[in-house]
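Peer 1: Pasting entry_11.txt here (compact mmCIF, C-alpha atoms):
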```
# COMPACT_ATOMS: atom_id res chain seq x y z
CA MET A 9 0.00 0.00 0.00
CA LYS A 10 1.25 3.47 -0.91
CA ILE A 11 0.92 6.26 1.64
CA THR A 12 2.29 9.76 1.97
CA LEU A 13 2.77 11.12 5.47
CA SER A 14 3.28 14.78 6.17
CA ILE A 15 5.90 15.52 8.82
CA PRO A 16 5.06 18.75 10.65
CA THR A 17 7.34 20.80 12.90
CA ILE A 18 8.10 18.53 15.85
CA ASN A 19 9.29 19.77 19.23
CA ASP A 20 9.85 18.09 22.58
CA TYR A 21 8.28 20.74 24.81
CA THR A 22 5.32 18.68 26.02
CA ALA A 23 4.05 15.13 25.83
CA VAL A 24 1.61 16.23 23.13
CA ASN A 25 4.58 16.96 20.82
CA PHE A 26 5.52 13.29 21.04
CA ASP A 27 2.00 12.22 20.06
CA VAL A 28 2.79 13.37 16.53
CA LEU A 29 5.54 10.75 16.40
CA PHE A 30 3.43 7.99 17.92
CA ASN A 31 0.58 8.74 15.51
CA LEU A 32 3.04 8.30 12.65
CA TRP A 33 4.08 4.95 14.12
CA ASN A 34 0.40 3.91 14.25
CA GLN A 35 0.00 4.71 10.57
CA VAL A 36 2.99 2.66 9.41
CA ASN A 37 2.62 -0.29 11.78
CA ASN A 38 1.94 -2.71 8.90
CA ASP A 39 3.86 -4.92 6.47
CA ASN A 40 4.88 -4.07 2.90
CA LEU A 41 4.12 -0.36 2.92
CA ASP A 42 5.42 2.12 0.38
CA VAL A 43 5.80 5.27 2.47
CA THR A 44 6.78 8.75 1.41
CA PHE A 45 7.59 11.31 4.08
CA GLU A 46 7.03 14.87 2.93
CA PHE A 47 8.12 17.93 4.87
CA SER A 48 6.35 20.97 3.39
CA GLN A 49 4.78 21.79 6.79
CA CYS A 50 7.98 21.21 8.73
CA GLY A 51 9.84 24.22 10.11
CA PHE A 52 12.12 22.30 12.47
CA LEU A 53 12.73 18.78 13.74
CA ARG A 54 14.10 18.40 17.22
CA HIS A 55 16.42 15.55 18.17
CA ASN A 56 13.50 13.41 19.43
CA ALA A 57 11.88 13.55 16.00
CA VAL A 58 15.17 12.75 14.24
CA ALA A 59 15.80 9.63 16.35
CA PHE A 60 12.19 8.49 15.97
CA LEU A 61 11.97 9.06 12.20
CA GLY A 62 15.19 7.13 11.70
CA GLY A 63 13.79 4.22 13.68
CA LEU A 64 10.49 4.43 11.86
CA THR A 65 12.30 4.22 8.53
CA ARG A 66 14.17 1.09 9.62
CA LEU A 67 10.96 -0.40 11.01
CA ILE A 68 9.13 0.01 7.70
CA GLN A 69 12.10 -1.41 5.80
CA SER A 70 12.39 -4.38 8.16
CA ARG A 71 8.77 -5.25 7.43
CA GLY A 72 9.27 -5.42 3.69
CA GLY A 73 8.32 -1.84 2.97
CA THR A 74 10.08 1.03 1.24
CA VAL A 75 10.61 4.57 2.45
CA ARG A 76 11.14 7.72 0.45
CA PHE A 77 11.96 11.16 1.72
CA ALA A 78 10.57 13.92 -0.51
CA LEU A 79 13.83 15.83 -0.29
CA ASN A 80 12.52 18.69 -2.44
CA THR A 81 9.91 19.47 0.24
CA ILE A 82 12.46 19.85 3.05
CA SER A 83 13.28 23.45 3.93
CA GLU A 84 16.90 24.47 3.75
CA LYS A 85 17.10 24.93 7.51
CA VAL A 86 15.78 21.43 8.23
CA LYS A 87 17.89 19.92 5.48
CA ILE A 88 21.05 21.45 6.90
CA ASN A 89 20.23 20.04 10.33
CA LEU A 90 19.51 16.56 8.96
CA ALA A 91 22.71 16.61 6.94
CA GLN A 92 24.81 17.97 9.78
CA ASN A 93 23.70 15.31 12.26
CA SER A 94 24.34 12.53 9.68
CA PHE A 95 20.67 11.50 9.50
CA LEU A 96 20.50 11.83 5.71
CA SER A 97 23.78 10.07 5.01
CA THR A 98 23.05 7.23 7.46
CA LEU A 99 19.74 6.54 5.76
CA GLY A 100 21.33 6.61 2.34
CA PHE A 101 20.22 10.02 1.14
CA GLY A 102 23.71 11.31 0.53
CA GLY A 103 25.76 14.15 1.94
CA ALA A 104 28.38 14.11 4.65
CA PRO A 105 27.91 15.28 8.24
CA TRP A 106 29.85 18.07 9.90
CA GLU A 107 30.19 19.41 13.42
CA GLY A 108 27.78 22.01 14.78
CA ASN A 109 25.16 22.19 17.52
CA SER A 110 23.82 18.85 16.34
CA ILE A 111 24.86 15.61 17.92
CA PRO A 112 24.98 12.78 15.43
CA TYR A 113 22.00 10.55 14.75
CA ARG A 114 22.96 6.99 15.61
CA GLU A 115 21.68 3.45 14.98
CA ASP A 116 22.80 0.49 17.09
CA LEU A 117 21.64 -3.00 16.26
CA HIS A 118 23.91 -4.49 18.92
CA GLN A 119 25.44 -3.21 22.13
CA ASP A 120 28.83 -1.83 21.09
CA LYS A 121 30.24 -0.63 24.39
CA ILE A 122 33.24 1.21 23.02
CA ALA A 123 31.38 3.00 20.22
CA LEU A 124 28.49 4.05 22.44
CA VAL A 125 30.69 5.34 25.25
CA ASP A 126 32.68 7.27 22.67
CA TYR A 127 29.42 8.71 21.29
CA LEU A 128 28.35 9.91 24.72
CA LYS A 129 31.78 11.16 25.81
CA THR A 130 32.99 12.70 22.58
CA HIS A 131 29.96 13.65 20.51
CA TRP A 132 27.32 14.29 23.14
CA LEU A 133 29.26 15.75 26.08
CA GLY A 134 32.64 16.47 24.61
CA HIS A 135 32.24 19.35 22.21
CA GLY A 136 33.17 22.00 24.71
CA TRP A 137 29.60 23.22 24.92
CA VAL A 138 29.15 21.39 28.19
CA HIS A 139 31.34 22.77 30.94
CA VAL A 140 32.03 19.61 32.85
CA SER A 141 35.10 18.06 34.37
CA GLU A 142 36.30 14.65 33.28
CA ARG A 143 34.98 13.19 36.51
CA LEU A 144 31.48 14.57 36.02
CA ARG A 145 31.52 13.57 32.39
CA ASP A 146 32.31 9.98 33.39
CA GLU A 147 29.53 10.01 35.96
CA ILE A 148 26.97 11.27 33.43
CA VAL A 149 28.06 8.67 30.87
CA GLY A 150 27.71 5.90 33.46
CA ARG A 151 24.21 7.00 34.39
CA VAL A 152 23.06 7.44 30.79
CA TRP A 153 24.53 4.03 29.97
CA GLU A 154 21.76 2.56 32.15
CA ILE A 155 19.28 3.61 29.43
CA TYR A 156 21.20 1.74 26.76
CA ALA A 157 21.76 -1.28 29.00
CA ASN A 158 18.02 -1.52 29.63
CA ALA A 159 17.13 -1.05 25.99
CA PHE A 160 19.51 -3.76 24.82
CA GLU A 161 18.72 -6.18 27.61
CA HIS A 162 14.98 -5.78 27.94
CA GLY A 163 13.77 -3.97 24.83
CA GLN A 164 13.83 -6.87 22.35
CA SER A 165 13.88 -4.34 19.53
CA PRO A 166 14.39 -6.29 16.30
CA ILE A 167 15.78 -3.24 14.52
CA GLY A 168 17.96 -1.96 17.35
CA ILE A 169 18.16 1.34 19.14
CA PHE A 170 18.12 4.87 17.75
CA SER A 171 19.68 7.93 19.34
CA CYS A 172 20.00 11.59 18.59
CA GLY A 173 21.03 14.52 20.73
CA GLN A 174 21.07 18.25 20.42
CA HIS A 175 22.68 21.16 22.19
CA TYR A 176 20.28 24.07 22.71
CA PRO A 177 22.53 27.00 23.55
CA LYS A 178 19.80 29.52 24.39
CA GLN A 179 18.24 27.20 26.94
CA HIS A 180 21.66 26.03 28.22
CA GLU A 181 20.44 22.49 27.75
CA LEU A 182 21.86 19.30 26.38
CA LYS A 183 19.36 16.67 25.28
CA LEU A 184 19.34 13.08 24.15
CA THR A 185 16.58 10.81 22.89
CA VAL A 186 16.98 7.03 22.88
CA VAL A 187 14.18 5.03 21.31
CA ASP A 188 13.62 1.35 20.65
CA PHE A 189 10.81 -0.38 18.77
CA GLY A 190 10.62 -3.45 20.97
CA VAL A 191 8.01 -4.81 23.37
CA GLY A 192 7.89 -1.88 25.80
CA ILE A 193 8.41 -1.69 29.55
CA PRO A 194 4.78 -2.52 30.52
CA SER A 195 4.95 -5.73 28.51
CA ASN A 196 8.14 -6.79 30.29
CA VAL A 197 6.72 -5.99 33.73
CA ARG A 198 3.46 -7.88 33.08
CA MET A 199 5.41 -10.82 31.67
CA PHE A 200 7.57 -10.89 34.78
CA PHE A 201 4.44 -11.18 36.93
CA LYS A 202 2.69 -13.59 34.56
CA HIS A 203 2.13 -16.21 37.24
CA ASP A 204 -0.21 -13.75 38.94
CA ALA A 205 -3.49 -13.23 37.08
CA ARG A 206 -3.81 -9.72 38.42
CA ALA A 207 -0.65 -8.62 36.62
CA GLN A 208 -2.51 -8.15 33.34
CA SER A 209 -4.56 -5.42 34.97
CA LEU A 210 -1.50 -3.38 35.88
CA SER A 211 -1.71 -0.08 34.04
CA ALA A 212 1.19 1.09 31.89
CA ALA A 213 1.81 3.92 34.36
CA SER A 214 2.02 1.47 37.27
CA CYS A 215 4.45 -0.66 35.29
CA LEU A 216 6.68 2.36 34.62
CA LYS A 217 6.57 3.31 38.28
CA TRP A 218 7.58 -0.21 39.25
CA ALA A 219 10.47 -0.12 36.76
CA PHE A 220 11.83 3.00 38.43
CA GLN A 221 11.82 1.52 41.90
CA ARG A 222 15.06 0.50 43.47
CA GLY A 223 16.12 -3.05 42.84
CA THR A 224 13.46 -4.07 40.36
CA THR A 225 14.16 -6.16 37.32
CA THR A 226 12.18 -8.07 34.74
CA LYS A 227 14.78 -10.78 34.20
CA PRO A 228 13.74 -13.82 36.25
CA ASN A 229 17.14 -15.49 36.04
CA GLY A 230 17.85 -15.89 39.71
CA THR A 231 20.18 -12.92 39.75
CA SER A 232 19.50 -9.71 41.52
CA ARG A 233 19.35 -7.03 38.88
CA GLY A 234 18.39 -3.49 39.67
CA MET A 235 17.30 -1.96 36.39
CA GLY A 236 19.56 0.99 37.01
CA LEU A 237 16.80 3.42 36.17
CA ASP A 238 16.65 4.38 39.85
CA LEU A 239 20.30 5.46 39.64
CA LEU A 240 19.56 7.58 36.59
CA LYS A 241 16.47 9.01 38.26
CA GLU A 242 18.35 10.05 41.38
CA PHE A 243 21.09 11.67 39.33
CA VAL A 244 18.59 13.61 37.21
CA LYS A 245 16.59 14.79 40.23
CA LEU A 246 19.67 15.86 42.15
CA ASN A 247 21.19 17.75 39.25
CA LYS A 248 18.15 19.62 37.93
CA GLY A 249 17.83 17.56 34.79
CA LYS A 250 14.70 15.97 33.39
CA ILE A 251 13.79 12.53 32.15
CA GLU A 252 10.68 11.58 30.23
CA ILE A 253 9.68 8.06 29.24
CA PHE A 254 6.94 6.96 26.88
CA SER A 255 6.11 3.25 26.66
CA HIS A 256 2.69 1.88 25.64
CA GLU A 257 0.17 4.32 27.17
CA GLY A 258 2.52 5.03 30.04
CA TYR A 259 4.29 8.33 30.48
CA ALA A 260 6.76 9.29 33.19
CA ILE A 261 8.19 12.73 33.82
CA ILE A 262 10.83 13.12 36.47
CA ASP A 263 12.73 16.25 37.48
CA SER A 264 13.82 17.94 40.69
CA LYS A 265 10.25 18.98 41.51
CA ARG A 266 8.11 16.05 40.44
CA GLU A 267 7.93 12.36 39.74
CA GLU A 268 4.75 11.63 37.82
CA PHE A 269 3.54 8.45 36.18
CA LEU A 270 0.49 8.83 33.97
CA ASN A 271 -1.63 6.87 31.52
CA ARG A 272 -2.20 8.66 28.25
CA SER A 273 -4.47 8.00 25.30
CA THR A 274 -1.67 7.60 22.75
CA PHE A 275 -0.07 4.19 22.41
CA PHE A 276 3.48 3.39 21.30
CA GLU A 277 4.62 -0.19 21.61
CA GLY A 278 8.34 0.52 22.11
CA THR A 279 10.10 2.78 24.57
CA LEU A 280 11.24 6.36 24.07
CA ILE A 281 13.42 8.11 26.63
CA ASN A 282 14.17 11.82 26.40
CA ILE A 283 16.68 13.26 28.86
CA THR A 284 17.75 16.82 29.51
CA PHE A 285 20.84 18.00 31.35
CA ILE A 286 21.98 21.49 32.24
CA ARG A 287 25.31 22.20 30.64
CA ASP A 288 27.03 23.93 33.54
CA GLU A 289 28.95 21.95 36.16
CA SER A 290 28.18 24.45 38.93
CA TYR A 291 24.66 22.94 39.06
CA TYR A 292 25.93 19.44 39.72
CA HIS A 293 26.53 17.41 42.85
CA LEU A 294 29.26 14.87 42.31
CA ALA A 295 29.18 11.50 44.00
CA SER A 296 31.14 11.62 47.24
CA GLU A 297 30.95 8.06 48.48
CA VAL A 298 33.73 7.00 50.82
CA LEU A 299 34.94 3.42 51.03
CA GLU A 300 34.03 2.16 54.49
CA GLU A 301 34.17 -1.29 55.96
CA PRO A 302 32.16 -3.41 55.99
CA LEU A 303 31.01 -3.07 52.41
CA PHE A 304 28.62 -6.04 52.46
CA MET B 10 44.48 -13.24 44.32
CA LYS B 11 44.91 -9.69 43.09
CA LEU B 12 43.10 -8.52 39.96
CA ASN B 13 43.82 -5.29 38.13
CA VAL B 14 40.45 -4.61 36.52
CA PHE B 15 41.75 -1.96 34.14
CA GLU B 16 44.25 -4.42 32.67
CA LEU B 17 41.45 -6.94 32.12
CA LEU B 18 38.67 -4.68 30.87
CA GLY B 19 39.92 -1.15 30.25
CA GLU B 20 38.37 2.01 31.67
CA ASN B 21 34.69 1.08 31.31
CA CYS B 22 33.03 -1.31 33.76
CA ILE B 23 29.47 -1.09 32.47
CA THR B 24 28.29 -4.31 30.83
CA LEU B 25 26.93 -7.62 32.08
CA GLU B 26 29.42 -9.47 29.92
CA ASP B 27 32.40 -7.78 31.55
CA GLY B 28 30.88 -8.33 34.97
CA GLN B 29 30.51 -12.01 34.17
CA LYS B 30 34.23 -12.21 33.33
CA ILE B 31 35.15 -10.86 36.75
CA PHE B 32 32.61 -13.11 38.47
CA ASP B 33 34.05 -16.18 36.76
CA LEU B 34 37.52 -15.27 38.03
CA ILE B 35 36.68 -14.40 41.62
CA HIS B 36 33.79 -16.71 42.50
CA PRO B 37 35.89 -19.91 42.66
CA GLU B 38 38.52 -18.16 44.76
CA LEU B 39 36.01 -16.74 47.21
CA SER B 40 34.12 -20.04 47.39
CA ALA B 41 37.41 -21.69 48.39
CA SER B 42 37.85 -19.04 51.14
CA ASN B 43 40.75 -17.39 49.35
CA THR B 44 41.11 -13.62 49.54
CA VAL B 45 40.58 -11.48 46.43
CA ASP B 46 41.75 -7.90 45.89
CA LEU B 47 39.84 -6.15 43.09
CA ASP B 48 41.84 -3.10 42.12
CA PHE B 49 39.86 -0.53 40.08
CA LYS B 50 42.72 1.91 39.53
CA ASP B 51 42.24 3.84 36.24
CA VAL B 52 38.70 2.54 35.69
CA LYS B 53 36.56 5.58 35.01
CA ILE B 54 33.01 4.67 34.03
CA PHE B 55 30.76 2.39 36.04
CA ALA B 56 27.20 1.16 35.57
CA SER B 57 24.96 -1.26 37.43
CA PRO B 58 24.91 -4.17 34.92
CA PHE B 59 28.62 -4.70 35.50
CA PHE B 60 28.37 -4.83 39.30
CA ASN B 61 25.18 -6.88 39.22
CA ALA B 62 26.97 -9.61 37.33
CA ALA B 63 30.39 -9.31 38.99
CA ILE B 64 29.52 -8.66 42.63
CA GLY B 65 25.75 -8.82 43.23
CA ARG B 66 25.56 -12.49 42.29
CA LEU B 67 28.21 -13.43 44.84
CA LEU B 68 25.62 -12.95 47.57
CA LYS B 69 23.63 -15.87 46.22
CA ASP B 70 25.92 -18.41 47.86
CA ILE B 71 28.51 -16.47 49.86
CA THR B 72 27.55 -14.74 53.09
CA PRO B 73 28.09 -11.00 53.62
CA ASP B 74 30.43 -11.81 56.53
CA ASP B 75 32.60 -13.98 54.29
CA LEU B 76 32.64 -11.35 51.55
CA ASN B 77 33.64 -8.66 54.04
CA ARG B 78 36.48 -10.89 55.15
CA LEU B 79 37.66 -12.14 51.77
CA LEU B 80 36.91 -9.49 49.11
CA LYS B 81 38.80 -6.21 49.11
CA ILE B 82 37.81 -3.40 46.75
CA THR B 83 40.53 -0.81 46.19
CA ASN B 84 41.13 2.40 44.23
CA ILE B 85 37.52 2.85 43.18
CA VAL B 86 36.29 6.37 42.37
CA PRO B 87 33.30 7.71 44.36
CA THR B 88 30.96 7.33 41.37
CA GLY B 89 31.81 3.66 41.07
CA LEU B 90 31.49 3.12 44.79
CA ALA B 91 28.02 4.70 44.79
CA VAL B 92 26.88 2.25 42.12
CA LEU B 93 28.52 -0.70 43.88
CA LYS B 94 26.87 0.13 47.21
CA ARG B 95 23.47 0.33 45.53
CA VAL B 96 24.00 -3.00 43.80
CA ILE B 97 25.00 -4.67 47.08
CA GLU B 98 21.92 -3.25 48.84
CA ASN B 99 19.65 -4.51 46.07
CA SER B 100 21.30 -7.88 45.96
CA LYS B 101 21.08 -8.45 49.71
CA GLU B 102 17.40 -7.58 49.63
CA TYR B 103 16.77 -9.79 46.62
CA TYR B 104 18.38 -12.87 48.07
CA SER B 105 16.81 -12.39 51.49
CA ASN B 106 13.32 -11.56 50.24
CA PRO B 107 12.50 -12.95 46.80
CA ASN B 108 8.79 -12.53 47.39
CA VAL B 109 7.42 -11.60 44.01
CA ARG B 110 3.78 -11.88 45.02
CA LYS B 111 4.30 -9.18 47.61
CA ALA B 112 5.63 -6.92 44.88
CA VAL B 113 2.48 -7.38 42.79
CA ASP B 114 0.35 -6.67 45.84
CA GLU B 115 2.19 -3.43 46.43
CA VAL B 116 1.85 -2.25 42.85
CA LEU B 117 -1.85 -3.18 42.66
CA LEU B 118 -2.52 -1.43 45.96
CA GLU B 119 -0.83 1.72 44.77
CA GLN B 120 -2.77 1.59 41.51
CA SER B 121 -6.11 1.27 43.31
CA GLU B 122 -5.26 4.13 45.65
CA ALA B 123 -4.34 6.35 42.74
CA LEU B 124 -7.70 5.90 41.01
```
Go ahead and render the structure in this file as structure tokens.
Peer 2:
Amino acid sequence: MKITLSIPTINDYTAVNFDVLFNLWNQVNNDNLDVTFEFSQCGFLRHNAVAFLGGLTRLIQSRGGTVRFALNTISEKVKINLAQNSFLSTLGFGGAPWEGNSIPYREDLHQDKIALVDYLKTHWLGHGWVHVSERLRDEIVGRVWEIYANAFEHGQSPIGIFSCGQHYPKQHELKLTVVDFGVGIPSNVRMFFKHDARAQSLSAASCLKWAFQRGTTTKPNGTSRGMGLDLLKEFVKLNKGKIEIFSHEGYAIIDSKREEFLNRSTFFEGTLINITFIRDESYYHLASEVLEEPLF
Amino acid sequence: MKLNVFELLGENCITLEDGQKIFDLIHPELSASNTVDLDFKDVKIFASPFFNAAIGRLLKDITPDDLNRLLKITNIVPTGLAVLKRVIENSKEYYSNPNVRKAVDEVLLEQSEAL
């Protein structure tokens, strides 16, 4: 089936902005589609939209479909951004990326520890636009790694994981979106509790809340496995950052002032995480743990 | 036994797979009541999957008292220590209270109260 989808301007200011992406996913969630994305109504695509559109393209292709970008409908400003962050070249539309405020678009089918750490250290944090010491940089990378570890271990995304970041100098913010097109956190939580009939009635919001609690895991392999999201959550809250998660109908928003888990009307089967950090070290509290005996 | 983690794994201790490598080296030693010194000098980035696999699992069949006596952690940066302490807390709770039904009860109760 042939369809043309219009991509509007897409921000990440509110949850409603993300609904545009999830509605696109709903429209292409079929096999053997011939999809054209056109951009005549698009004034800007934020990093969340770039990561998601890349994943959507791979999803359609993986299901036997084809994807075209109507390049002649893309405004010069958007085209420059998509070229600069390597989105166009990665998807085979030519051009070569260059350095700017964009942080490269990235696709990872498998967990490549060295490449991903380099991406976070060098391309995301390391351009000089974030005023952080090496020690803080390493701490941020470790905490953000928890997102990737979860996505690779629990996400079951057949097409991998998609990332894109952006530096927003006026807002003094550094952002990163990581999205997978797997089974979603609520599905993993309900599966973990499958022996209990009541588990199927757990709402997506309750599942997200459970996933953020200390020490929880959905891998029943006899090994204690905190999901690590609690570590990320604490770091974000302490350092005036923000984390948003969308998975199924569930939505979580966590910052220094709130920790909310809601059920929304829009459904997305995978998991999208959008994080925001302030780019000035003076706002941060570094870990100050001291080695004391006994440790266990 | 003394292990220099940086020489084995480099400066990132973040994955399950790397944690498993350390576990496979130290678990037999600790099970045989031999002391182990894990030296984290020059390791810079830490994440919970590594410690879950390397250290958290030790608590399955080795007591905290024995681990305090036999396993020494040295030269670890505060960030890494914070993650390690959290993993040990979680692991102790998990192995002492693997009551999954209770967890469902708690989540369902919270859900009903929120409605």
Peer 1: Show me, as a PDB file with C-alpha atoms, in the coordinates of the input, the residues that have an atom within 8 Å of Phe254 (chain A) when counting all atoms listed in the file, minus same-chain residues fewer than 3 positions from it.
Peer 2:
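Generated file (part_34.pdb):
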```
ATOM      1  CA  GLU A 257       0.170   4.320  27.170  1.00  0.00           C
ATOM      2  CA  GLY A 258       2.520   5.030  30.040  1.00  0.00           C
ATOM      3  CA  TYR A 259       4.290   8.330  30.480  1.00  0.00           C
ATOM      4  CA  ALA A 260       6.760   9.290  33.190  1.00  0.00           C
ATOM      5  CA  PHE A 276       3.480   3.390  21.300  1.00  0.00           C
ATOM      6  CA  THR A 279      10.100   2.780  24.570  1.00  0.00           C
ATOM      7  CA  LEU A 280      11.240   6.360  24.070  1.00  0.00           C
ATOM      8  CA  ILE A 281      13.420   8.110  26.630  1.00  0.00           C
TER       9      ILE A 281
END
```
Peer 1: Taking (46.2, -5.0, 52.1) in the coordinates of the supplied file, I want to know which residues reach to within 12 Å of it, counting all atoms listed in the file; could you give the answer as a list in words?
Peer 2: Met10, Lys11, Thr44, Val45, Asp46, Leu47, Asp48, Arg78, Leu79, Leu80, Lys81, Ile82, Thr83 and Asn84 of chain B
Peer 1: May I ask you to extract the residues of chain A within 10 Å of chain B, using only C-alpha atoms, and to give them as a PDB file with C-alpha atoms, keeping the file's coordinate frame?
Peer 2:
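Output file part-v3.pdb is given in full below:
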```pdb
ATOM      1  CA  GLN A 119      25.440  -3.210  22.130  1.00  0.00           C
ATOM      2  CA  LYS A 121      30.240  -0.630  24.390  1.00  0.00           C
ATOM      3  CA  ILE A 122      33.240   1.210  23.020  1.00  0.00           C
ATOM      4  CA  VAL A 125      30.690   5.340  25.250  1.00  0.00           C
ATOM      5  CA  GLU A 142      36.300  14.650  33.280  1.00  0.00           C
ATOM      6  CA  ARG A 143      34.980  13.190  36.510  1.00  0.00           C
ATOM      7  CA  LEU A 144      31.480  14.570  36.020  1.00  0.00           C
ATOM      8  CA  ARG A 145      31.520  13.570  32.390  1.00  0.00           C
ATOM      9  CA  ASP A 146      32.310   9.980  33.390  1.00  0.00           C
ATOM     10  CA  GLU A 147      29.530  10.010  35.960  1.00  0.00           C
ATOM     11  CA  ILE A 148      26.970  11.270  33.430  1.00  0.00           C
ATOM     12  CA  VAL A 149      28.060   8.670  30.870  1.00  0.00           C
ATOM     13  CA  GLY A 150      27.710   5.900  33.460  1.00  0.00           C
ATOM     14  CA  ARG A 151      24.210   7.000  34.390  1.00  0.00           C
ATOM     15  CA  VAL A 152      23.060   7.440  30.790  1.00  0.00           C
ATOM     16  CA  TRP A 153      24.530   4.030  29.970  1.00  0.00           C
ATOM     17  CA  GLU A 154      21.760   2.560  32.150  1.00  0.00           C
ATOM     18  CA  ALA A 157      21.760  -1.280  29.000  1.00  0.00           C
ATOM     19  CA  ASN A 158      18.020  -1.520  29.630  1.00  0.00           C
ATOM     20  CA  GLU A 161      18.720  -6.180  27.610  1.00  0.00           C
ATOM     21  CA  ARG A 198       3.460  -7.880  33.080  1.00  0.00           C
ATOM     22  CA  PHE A 200       7.570 -10.890  34.780  1.00  0.00           C
ATOM     23  CA  PHE A 201       4.440 -11.180  36.930  1.00  0.00           C
ATOM     24  CA  HIS A 203       2.130 -16.210  37.240  1.00  0.00           C
ATOM     25  CA  ASP A 204      -0.210 -13.750  38.940  1.00  0.00           C
ATOM     26  CA  ARG A 206      -3.810  -9.720  38.420  1.00  0.00           C
ATOM     27  CA  ALA A 207      -0.650  -8.620  36.620  1.00  0.00           C
ATOM     28  CA  SER A 209      -4.560  -5.420  34.970  1.00  0.00           C
ATOM     29  CA  LEU A 210      -1.500  -3.380  35.880  1.00  0.00           C
ATOM     30  CA  SER A 211      -1.710  -0.080  34.040  1.00  0.00           C
ATOM     31  CA  ALA A 213       1.810   3.920  34.360  1.00  0.00           C
ATOM     32  CA  SER A 214       2.020   1.470  37.270  1.00  0.00           C
ATOM     33  CA  CYS A 215       4.450  -0.660  35.290  1.00  0.00           C
ATOM     34  CA  LYS A 217       6.570   3.310  38.280  1.00  0.00           C
ATOM     35  CA  TRP A 218       7.580  -0.210  39.250  1.00  0.00           C
ATOM     36  CA  ARG A 222      15.060   0.500  43.470  1.00  0.00           C
ATOM     37  CA  GLY A 223      16.120  -3.050  42.840  1.00  0.00           C
ATOM     38  CA  THR A 224      13.460  -4.070  40.360  1.00  0.00           C
ATOM     39  CA  GLY A 230      17.850 -15.890  39.710  1.00  0.00           C
ATOM     40  CA  THR A 231      20.180 -12.920  39.750  1.00  0.00           C
ATOM     41  CA  SER A 232      19.500  -9.710  41.520  1.00  0.00           C
ATOM     42  CA  ARG A 233      19.350  -7.030  38.880  1.00  0.00           C
ATOM     43  CA  GLY A 234      18.390  -3.490  39.670  1.00  0.00           C
ATOM     44  CA  MET A 235      17.300  -1.960  36.390  1.00  0.00           C
ATOM     45  CA  GLY A 236      19.560   0.990  37.010  1.00  0.00           C
ATOM     46  CA  LEU A 237      16.800   3.420  36.170  1.00  0.00           C
ATOM     47  CA  ASP A 238      16.650   4.380  39.850  1.00  0.00           C
ATOM     48  CA  LEU A 239      20.300   5.460  39.640  1.00  0.00           C
ATOM     49  CA  LEU A 294      29.260  14.870  42.310  1.00  0.00           C
ATOM     50  CA  ALA A 295      29.180  11.500  44.000  1.00  0.00           C
ATOM     51  CA  SER A 296      31.140  11.620  47.240  1.00  0.00           C
ATOM     52  CA  GLU A 297      30.950   8.060  48.480  1.00  0.00           C
ATOM     53  CA  VAL A 298      33.730   7.000  50.820  1.00  0.00           C
ATOM     54  CA  LEU A 299      34.940   3.420  51.030  1.00  0.00           C
ATOM     55  CA  GLU A 301      34.170  -1.290  55.960  1.00  0.00           C
ATOM     56  CA  PRO A 302      32.160  -3.410  55.990  1.00  0.00           C
ATOM     57  CA  LEU A 303      31.010  -3.070  52.410  1.00  0.00           C
ATOM     58  CA  PHE A 304      28.620  -6.040  52.460  1.00  0.00           C
TER      59      PHE A 304
END
```
Peer 1: Tell me, in Å to one decimal, how far CA of Ala59 (chain A) is from CA of Leu96 (chain A).
Peer 2: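 Here the two named atoms are 11.8 Å from each other.
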Peer 1: Please, what distance in Å, to one decimal, runs between CA of Leu118 (chain B) and CA of Arg272 (chain A)?
Peer 2: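 Interatomic distance here is 20.4 Å.
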Peer 1: Any idea what's packed within 7 Å of Cys172 (chain A), counting all atoms listed in the file, ignoring anything in its chain fewer than 6 positions away? Could you give it as a ChimeraX atom specification?
Peer 2: /A:55-56,58-59,111-114,184-186
Peer 1: I'd like the interatomic distance between CA of Lys10 (chain A) and CA of Val43 (chain A), to a tenth of an Å.
Peer 2: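 Answer for the CA of Lys10 (chain A) to CA of Val43 (chain A) separation: 5.9 Å.
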Peer 1: Can you pull out every residue within 9 Å of region 264-266 of chain A, counting only C-alpha atoms, but drop anything in the same chain fewer than 5 positions away, and send it as number ranges by chain?
Peer 2: A: 244-250
Peer 1: I'd like to know which of A:Gln92, A:Asn19, A:Thr65, A:Gln221 is closest to Asn282 (chain A), using all atoms listed in the file.
Peer 2: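 Smallest separation from Asn282 (chain A) among the options: A:Asn19.
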Peer 1: Between B:Ser105, B:Glu16, B:Ile71, B:Val52, single out the one closest to Ile35 (chain B), counting all atoms listed in the file.
Peer 2: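 Of all the options, B:Ile71 lies closest to Ile35 (chain B).
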Peer 1: Box along x, y and z, 3 Å on every side, all listed atoms of region 100-116 of chain A inside: centre and edge lengths in Å to one decimal, as JSON.
Peer 2:
```
{"center_x": 25.2, "center_y": 11.3, "center_z": 9.2, "size_x": 16.0, "size_y": 27.7, "size_z": 23.4}
```
Peer 1: Find, counting all atoms listed in the file, the residue in A:Asn271, A:Ser70, A:Ser195, A:Gln174 that gets nearest to Leu90 (chain A).
Peer 2: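 Checking each of A:Asn271, A:Ser70, A:Ser195, A:Gln174 against Leu90 (chain A), counting all atoms listed in the file, the winner is A:Gln174.
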Peer 1: Restricting the calculation to all atoms listed in the file: of A:Ile193, A:Val75, A:Ile253, A:Ile18, which residue gets closest to Gln164 (chain A)?
Peer 2: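 Ranked by minimum distance to Gln164 (chain A), first place goes to A:Ile193.
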Peer 1: Of the residues A:Glu46, A:Asp27, A:Glu289, A:Asp263, which is the one nearest to Ser83 (chain A), using only C-alpha atoms?
Peer 2: A:Glu46
